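A.B. asks: File follows, protein-v4.cif with mmCIF, C-alpha atoms:
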```cif
data_protein
loop_
_atom_site.label_atom_id
_atom_site.label_comp_id
_atom_site.auth_asym_id
_atom_site.auth_seq_id
_atom_site.Cartn_x
_atom_site.Cartn_y
_atom_site.Cartn_z
CA MET L 269 146.78 126.25 13.74
CA PHE L 270 148.99 126.60 16.81
CA THR L 271 146.52 124.79 19.05
CA ASP L 272 146.28 122.07 16.41
CA ALA L 273 150.02 121.51 16.52
CA GLN L 274 149.78 121.26 20.30
CA VAL L 275 147.78 118.05 19.96
CA LEU L 276 150.64 116.55 17.98
CA PHE L 277 153.16 117.31 20.71
CA GLN L 278 150.71 116.09 23.34
CA ILE L 279 150.45 112.69 21.67
CA ALA L 280 154.20 112.43 21.14
CA GLY L 281 154.80 113.42 24.78
CA ILE L 282 152.29 110.90 26.10
CA GLY L 283 153.91 108.24 23.92
CA ILE L 284 157.42 108.97 25.19
CA ILE L 285 156.33 109.14 28.84
CA VAL L 286 154.34 105.92 28.56
CA ALA L 287 157.33 104.18 27.00
CA LEU L 288 159.46 105.48 29.87
CA ILE L 289 157.01 104.25 32.52
CA HIS L 290 156.78 100.92 30.76
CA THR L 291 160.55 100.49 30.78
CA ILE L 292 160.91 101.51 34.43
CA LEU L 293 158.12 99.22 35.61
CA LYS L 294 159.59 96.38 33.58
CA GLN L 295 162.98 96.92 35.21
CA MET L 296 161.30 96.79 38.61
CA GLY L 297 159.81 93.46 37.69
CA LYS L 298 156.16 94.60 37.59
CA GLU L 299 155.36 93.28 34.15
CA GLU L 300 151.55 93.37 34.40
CA ILE L 301 151.43 96.91 35.79
CA ALA L 302 153.65 98.01 32.92
CA GLN L 303 151.14 96.54 30.48
CA PHE L 304 148.31 98.40 32.24
CA ALA L 305 150.22 101.69 32.03
CA THR L 306 150.70 101.22 28.32
CA LEU L 307 147.04 100.33 27.87
CA ILE L 308 145.84 103.43 29.74
CA GLY L 309 148.14 105.71 27.76
CA PHE L 310 146.79 104.10 24.61
CA ILE L 311 143.19 104.78 25.71
CA ILE L 312 143.95 108.45 26.53
CA VAL L 313 145.45 109.00 23.09
CA LEU L 314 142.60 107.05 21.50
CA VAL L 315 140.08 109.47 23.02
CA ILE L 316 141.96 112.45 21.56
CA VAL L 317 142.17 110.80 18.15
CA ILE L 318 138.50 109.73 18.11
CA ASN L 319 137.43 113.28 18.95
CA GLY L 320 139.47 114.62 16.05
CA LEU L 321 138.16 111.92 13.73
CA SER L 322 134.51 112.66 14.54
CA ASP L 323 135.20 116.37 14.02
CA LEU L 324 136.73 115.60 10.62
CA PHE L 325 133.85 113.40 9.51
CA ASN L 326 131.27 115.97 10.58
CA GLN L 327 133.11 118.64 8.61
CA ILE L 328 133.29 116.39 5.54
CA LYS L 329 129.58 115.63 5.86
CA SER L 330 128.65 119.29 6.02
CA VAL L 331 130.95 120.39 3.18
CA PHE L 332 130.30 117.54 0.75
CA LEU L 333 126.49 117.78 1.11
CA PHE L 334 125.83 114.33 2.43
CA MET D 295 150.94 131.80 4.69
CA ASP D 296 148.92 128.70 5.42
CA ILE D 297 150.95 126.44 3.17
CA LEU D 298 154.14 127.10 5.13
CA GLN D 299 152.36 126.20 8.35
CA ILE D 300 151.06 122.96 6.84
CA VAL D 301 154.47 121.95 5.49
CA LEU D 302 156.11 122.74 8.84
CA LEU D 303 153.42 120.70 10.58
CA GLY D 304 154.22 117.77 8.31
CA ILE D 305 157.95 118.05 9.02
CA VAL D 306 157.39 118.27 12.78
CA ALA D 307 155.04 115.29 12.62
CA SER D 308 157.57 113.21 10.73
CA ILE D 309 160.32 114.06 13.23
CA LEU D 310 158.06 113.07 16.13
CA TYR D 311 157.11 109.92 14.24
CA ILE D 312 160.75 108.92 13.83
CA ILE D 313 161.39 109.51 17.53
CA LEU D 314 158.32 107.54 18.58
CA LYS D 315 158.45 104.74 16.02
CA ASP D 316 160.93 102.51 17.85
CA THR D 317 159.66 102.96 21.39
CA ASN D 318 155.91 102.96 20.81
CA SER D 319 154.66 102.18 17.33
CA SER D 320 150.93 102.39 18.16
CA PHE D 321 151.32 105.97 19.34
CA ALA D 322 153.28 106.74 16.21
CA PHE D 323 150.32 105.55 14.16
CA PHE D 324 147.97 107.82 16.13
CA LEU D 325 150.36 110.64 15.32
CA ILE D 326 149.88 109.96 11.61
CA ILE D 327 146.08 109.98 11.95
CA VAL D 328 146.07 113.23 13.91
CA THR D 329 148.39 114.91 11.42
CA SER D 330 146.16 114.03 8.49
CA ILE D 331 143.09 115.21 10.41
CA ILE D 332 144.72 118.55 11.27
CA ILE D 333 145.85 119.17 7.70
CA PHE D 334 142.43 118.35 6.32
CA LEU D 335 140.65 120.54 8.88
CA ALA D 336 142.97 123.37 7.85
CA ILE D 337 141.97 123.11 4.19
CA ILE D 338 138.28 122.22 4.50
CA HIS D 339 137.24 125.87 4.77
CA GLN D 340 138.93 126.64 1.44
CA ILE D 341 137.29 123.59 -0.14
CA GLY D 342 133.94 124.98 0.96
CA ILE D 343 134.68 128.30 -0.78
CA ILE D 344 135.67 126.49 -3.98
CA PHE D 345 132.47 124.44 -3.88
CA GLU D 346 130.40 127.58 -3.44
CA MET D 347 132.03 128.94 -6.59
CA ILE D 348 131.44 125.71 -8.54
CA GLN D 349 127.77 125.66 -7.53
CA GLU D 350 127.37 129.31 -8.47
CA LEU D 351 128.85 128.60 -11.92
CA GLY D 352 126.56 125.61 -12.33
CA ARG D 353 123.53 127.71 -11.40
CA ASN D 354 124.51 130.37 -13.92
CA ALA D 355 124.96 127.72 -16.62
CA ASN D 356 121.56 126.21 -15.75
CA VAL D 357 123.06 122.83 -14.92
CA GLU D 358 120.55 120.70 -13.05
CA GLY D 359 121.14 120.83 -9.29
CA LEU D 360 121.13 117.05 -8.99
CA TYR D 361 124.20 116.72 -11.19
CA MET D 362 126.30 119.24 -9.27
CA GLU D 363 125.31 117.65 -5.99
CA THR D 364 126.29 114.22 -7.31
CA ILE D 365 129.69 115.48 -8.40
CA LEU D 366 130.39 117.03 -5.02
CA LYS D 367 129.32 113.85 -3.25
CA ILE D 368 131.61 111.82 -5.51
CA ILE D 369 134.55 114.07 -4.62
CA GLY D 370 133.74 113.63 -0.92
CA ILE D 371 133.54 109.85 -1.19
CA ALA D 372 136.78 109.74 -3.15
CA TYR D 373 138.55 111.80 -0.52
CA ILE D 374 137.28 109.77 2.46
CA ALA D 375 138.06 106.46 0.75
CA GLU D 376 141.55 107.67 -0.11
CA LEU D 377 142.17 108.77 3.49
CA GLY D 378 140.98 105.47 4.94
CA ALA D 379 142.88 103.42 2.39
CA SER D 380 146.16 105.24 2.94
CA LEU D 381 145.83 105.03 6.73
CA THR D 382 145.12 101.30 6.63
CA LYS D 383 148.00 100.77 4.21
CA GLU D 384 150.25 102.71 6.56
CA ALA D 385 149.22 100.39 9.39
CA GLY D 386 150.26 97.43 7.24
CA LEU D 387 146.83 96.19 6.16
CA GLY D 388 147.21 96.26 2.41
CA ALA D 389 144.30 93.94 1.69
CA VAL D 390 141.88 96.04 3.73
CA ALA D 391 143.13 99.17 1.98
CA LYS D 392 142.39 97.59 -1.41
CA ASN D 393 138.89 96.67 -0.24
CA ILE D 394 138.22 100.20 0.99
CA GLU D 395 139.25 101.53 -2.41
CA LEU D 396 136.91 99.03 -4.08
CA ALA D 397 134.06 100.12 -1.80
CA GLY D 398 134.71 103.76 -2.70
CA LYS D 399 134.56 102.94 -6.40
CA ILE D 400 131.33 100.98 -5.98
CA PHE D 401 129.66 103.83 -4.10
CA ILE D 402 130.81 106.32 -6.73
CA ILE D 403 129.27 104.20 -9.50
CA LEU D 404 126.10 103.87 -7.44
CA LEU D 405 125.87 107.65 -7.16
CA ALA D 406 126.56 108.06 -10.87
CA VAL D 407 123.71 105.73 -11.92
CA PRO D 408 121.13 108.53 -12.51
CA ILE D 409 123.63 110.46 -14.64
CA ILE D 410 124.56 107.38 -16.68
CA THR D 411 120.89 106.56 -17.30
CA ALA D 412 120.25 110.17 -18.35
CA VAL D 413 123.14 109.97 -20.84
CA ILE D 414 121.91 106.66 -22.25
CA GLU D 415 118.36 107.99 -22.56
CA ALA D 416 119.66 111.04 -24.41
CA ILE D 417 121.62 108.83 -26.83
CA VAL D 418 118.60 106.59 -27.38
CA SER D 419 116.38 109.59 -28.10
CA PHE D 420 118.81 110.68 -30.84
CA LEU D 421 118.43 107.36 -32.61
CA PRO D 422 115.83 107.45 -35.37
CA SER D 423 112.80 105.40 -34.46
CA VAL D 424 112.25 102.49 -36.76
#
```
Produce structure tokens that represent the structure in this file.

C.D. replies:
Amino acid sequence: MFTDAQVLFQIAGIGIIVALIHTILKQMGKEEIAQFATLIGFIIVLVIVINGLSDLFNQIKSVFLF
Amino acid sequence: MDILQIVLLGIVASILYIILKDTNSSFAFFLIIVTSIIIFLAIIHQIGIIFEMIQELGRNANVEGLYMETILKIIGIAYIAELGASLTKEAGLGAVAKNIELAGKIFIILLAVPIITAVIEAIVSFLPSV
């Protein structure tokens, strides 16, 4: 349960840091690099979420006798 | 106490969601998905135990295995459809959520077809033959 909650903080942390990087790069006038930073953060979180989702669906499949 | 942990997890997730919502709404949505996944993974073991018990009762009552299996599958479909529908509604896609619910209902009816035909056949066999 503790390790599960860690994922939550991980995602929130990545989100906050990415927002920070986005703001800083925007202030520096590097609009396109800011977009790329946001995109890459998005992909990292997406990988975490997809892993969890596949885990969940496998569990459902095994429990509900599909 | 597992329930306390789950409730605390929900509270922490909502606080993080409120922090993240304004700066980065896509990450906030991922947060919702991950929270629901974690909570379900925490309870799926208990669901398995309950299903074992239900199947044991059905076996003792000589209920046909097909029927029990169908009921369990229907519960699974209902849960998955509900999860997908609520997540899509949360993301603002109400129409897609409605369609997912419709798909869940259709699949449930499809699974229930053998049971419905069995019931109708039983009723027909009660009728006196002319």

A.B. asks: I need the residue nearest Leu335 in chain D from this list: D:Ala397, D:Leu381, D:Ile300, D:Ala389. Use all atoms listed in the file for the distance.

C.D. replies: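 Of the candidates, the smallest distance to Leu335 in chain D is held by D:Ile300.
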
A.B. asks: How would you write, as a ChimeraX atom specification, the residues chosen by the PyMOL selection byres ((chain D) within 6 of (chain L)) on this structure?

C.D. replies: /D:321,342,366-367,370

A.B. asks: Return the padded bounding box of range 341-358 of chain D as AutoDock Vina command-line options: axis-aligned, built from all atoms listed in the file, 4 Å added on each side, with centre and edge lengths in Å to one decimal.

C.D. replies:
```
--center_x 128.9 --center_y 125.5 --center_z -7.8 --size_x 24.7 --size_y 17.7 --size_z 25.6
```

A.B. asks: Select, from D:Leu377, D:His339, D:Phe324, D:Ala385, the residue with the minimum atom-to-atom distance to Ile311 in chain L, counting all atoms listed in the file.

C.D. replies: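 With all atoms listed in the file as the atom set, the closest residue is D:Phe324.
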
A.B. asks: Run the PyMOL selection byres ((chain D and resi 380) around 12) against the file shown and list the residues it catches, as a PDB file with C-alpha atoms, in the frame of the given file.

C.D. replies:
```pdb
ATOM      1  CA  PHE D 323     150.320 105.550  14.160  1.00  0.00           C
ATOM      2  CA  ILE D 326     149.880 109.960  11.610  1.00  0.00           C
ATOM      3  CA  ILE D 327     146.080 109.980  11.950  1.00  0.00           C
ATOM      4  CA  SER D 330     146.160 114.030   8.490  1.00  0.00           C
ATOM      5  CA  TYR D 373     138.550 111.800  -0.520  1.00  0.00           C
ATOM      6  CA  ILE D 374     137.280 109.770   2.460  1.00  0.00           C
ATOM      7  CA  ALA D 375     138.060 106.460   0.750  1.00  0.00           C
ATOM      8  CA  GLU D 376     141.550 107.670  -0.110  1.00  0.00           C
ATOM      9  CA  LEU D 377     142.170 108.770   3.490  1.00  0.00           C
ATOM     10  CA  GLY D 378     140.980 105.470   4.940  1.00  0.00           C
ATOM     11  CA  ALA D 379     142.880 103.420   2.390  1.00  0.00           C
ATOM     12  CA  LEU D 381     145.830 105.030   6.730  1.00  0.00           C
ATOM     13  CA  THR D 382     145.120 101.300   6.630  1.00  0.00           C
ATOM     14  CA  LYS D 383     148.000 100.770   4.210  1.00  0.00           C
ATOM     15  CA  GLU D 384     150.250 102.710   6.560  1.00  0.00           C
ATOM     16  CA  ALA D 385     149.220 100.390   9.390  1.00  0.00           C
ATOM     17  CA  GLY D 386     150.260  97.430   7.240  1.00  0.00           C
ATOM     18  CA  LEU D 387     146.830  96.190   6.160  1.00  0.00           C
ATOM     19  CA  GLY D 388     147.210  96.260   2.410  1.00  0.00           C
ATOM     20  CA  ALA D 389     144.300  93.940   1.690  1.00  0.00           C
ATOM     21  CA  VAL D 390     141.880  96.040   3.730  1.00  0.00           C
ATOM     22  CA  ALA D 391     143.130  99.170   1.980  1.00  0.00           C
ATOM     23  CA  LYS D 392     142.390  97.590  -1.410  1.00  0.00           C
ATOM     24  CA  ASN D 393     138.890  96.670  -0.240  1.00  0.00           C
ATOM     25  CA  ILE D 394     138.220 100.200   0.990  1.00  0.00           C
ATOM     26  CA  GLU D 395     139.250 101.530  -2.410  1.00  0.00           C
TER      27      GLU D 395
END
```

A.B. asks: Counting only C-alpha atoms, what is within 12 Å of Ile409 in chain D, bar same-chain residues fewer than 3 positions away, as a ChimeraX atom specification?

C.D. replies: /D:358-365,402-406,412-416

A.B. asks: What is the distance between CA of Gln349 in chain D and CA of Ile417 in chain D, in Å to one decimal?

C.D. replies: 26.3 Å
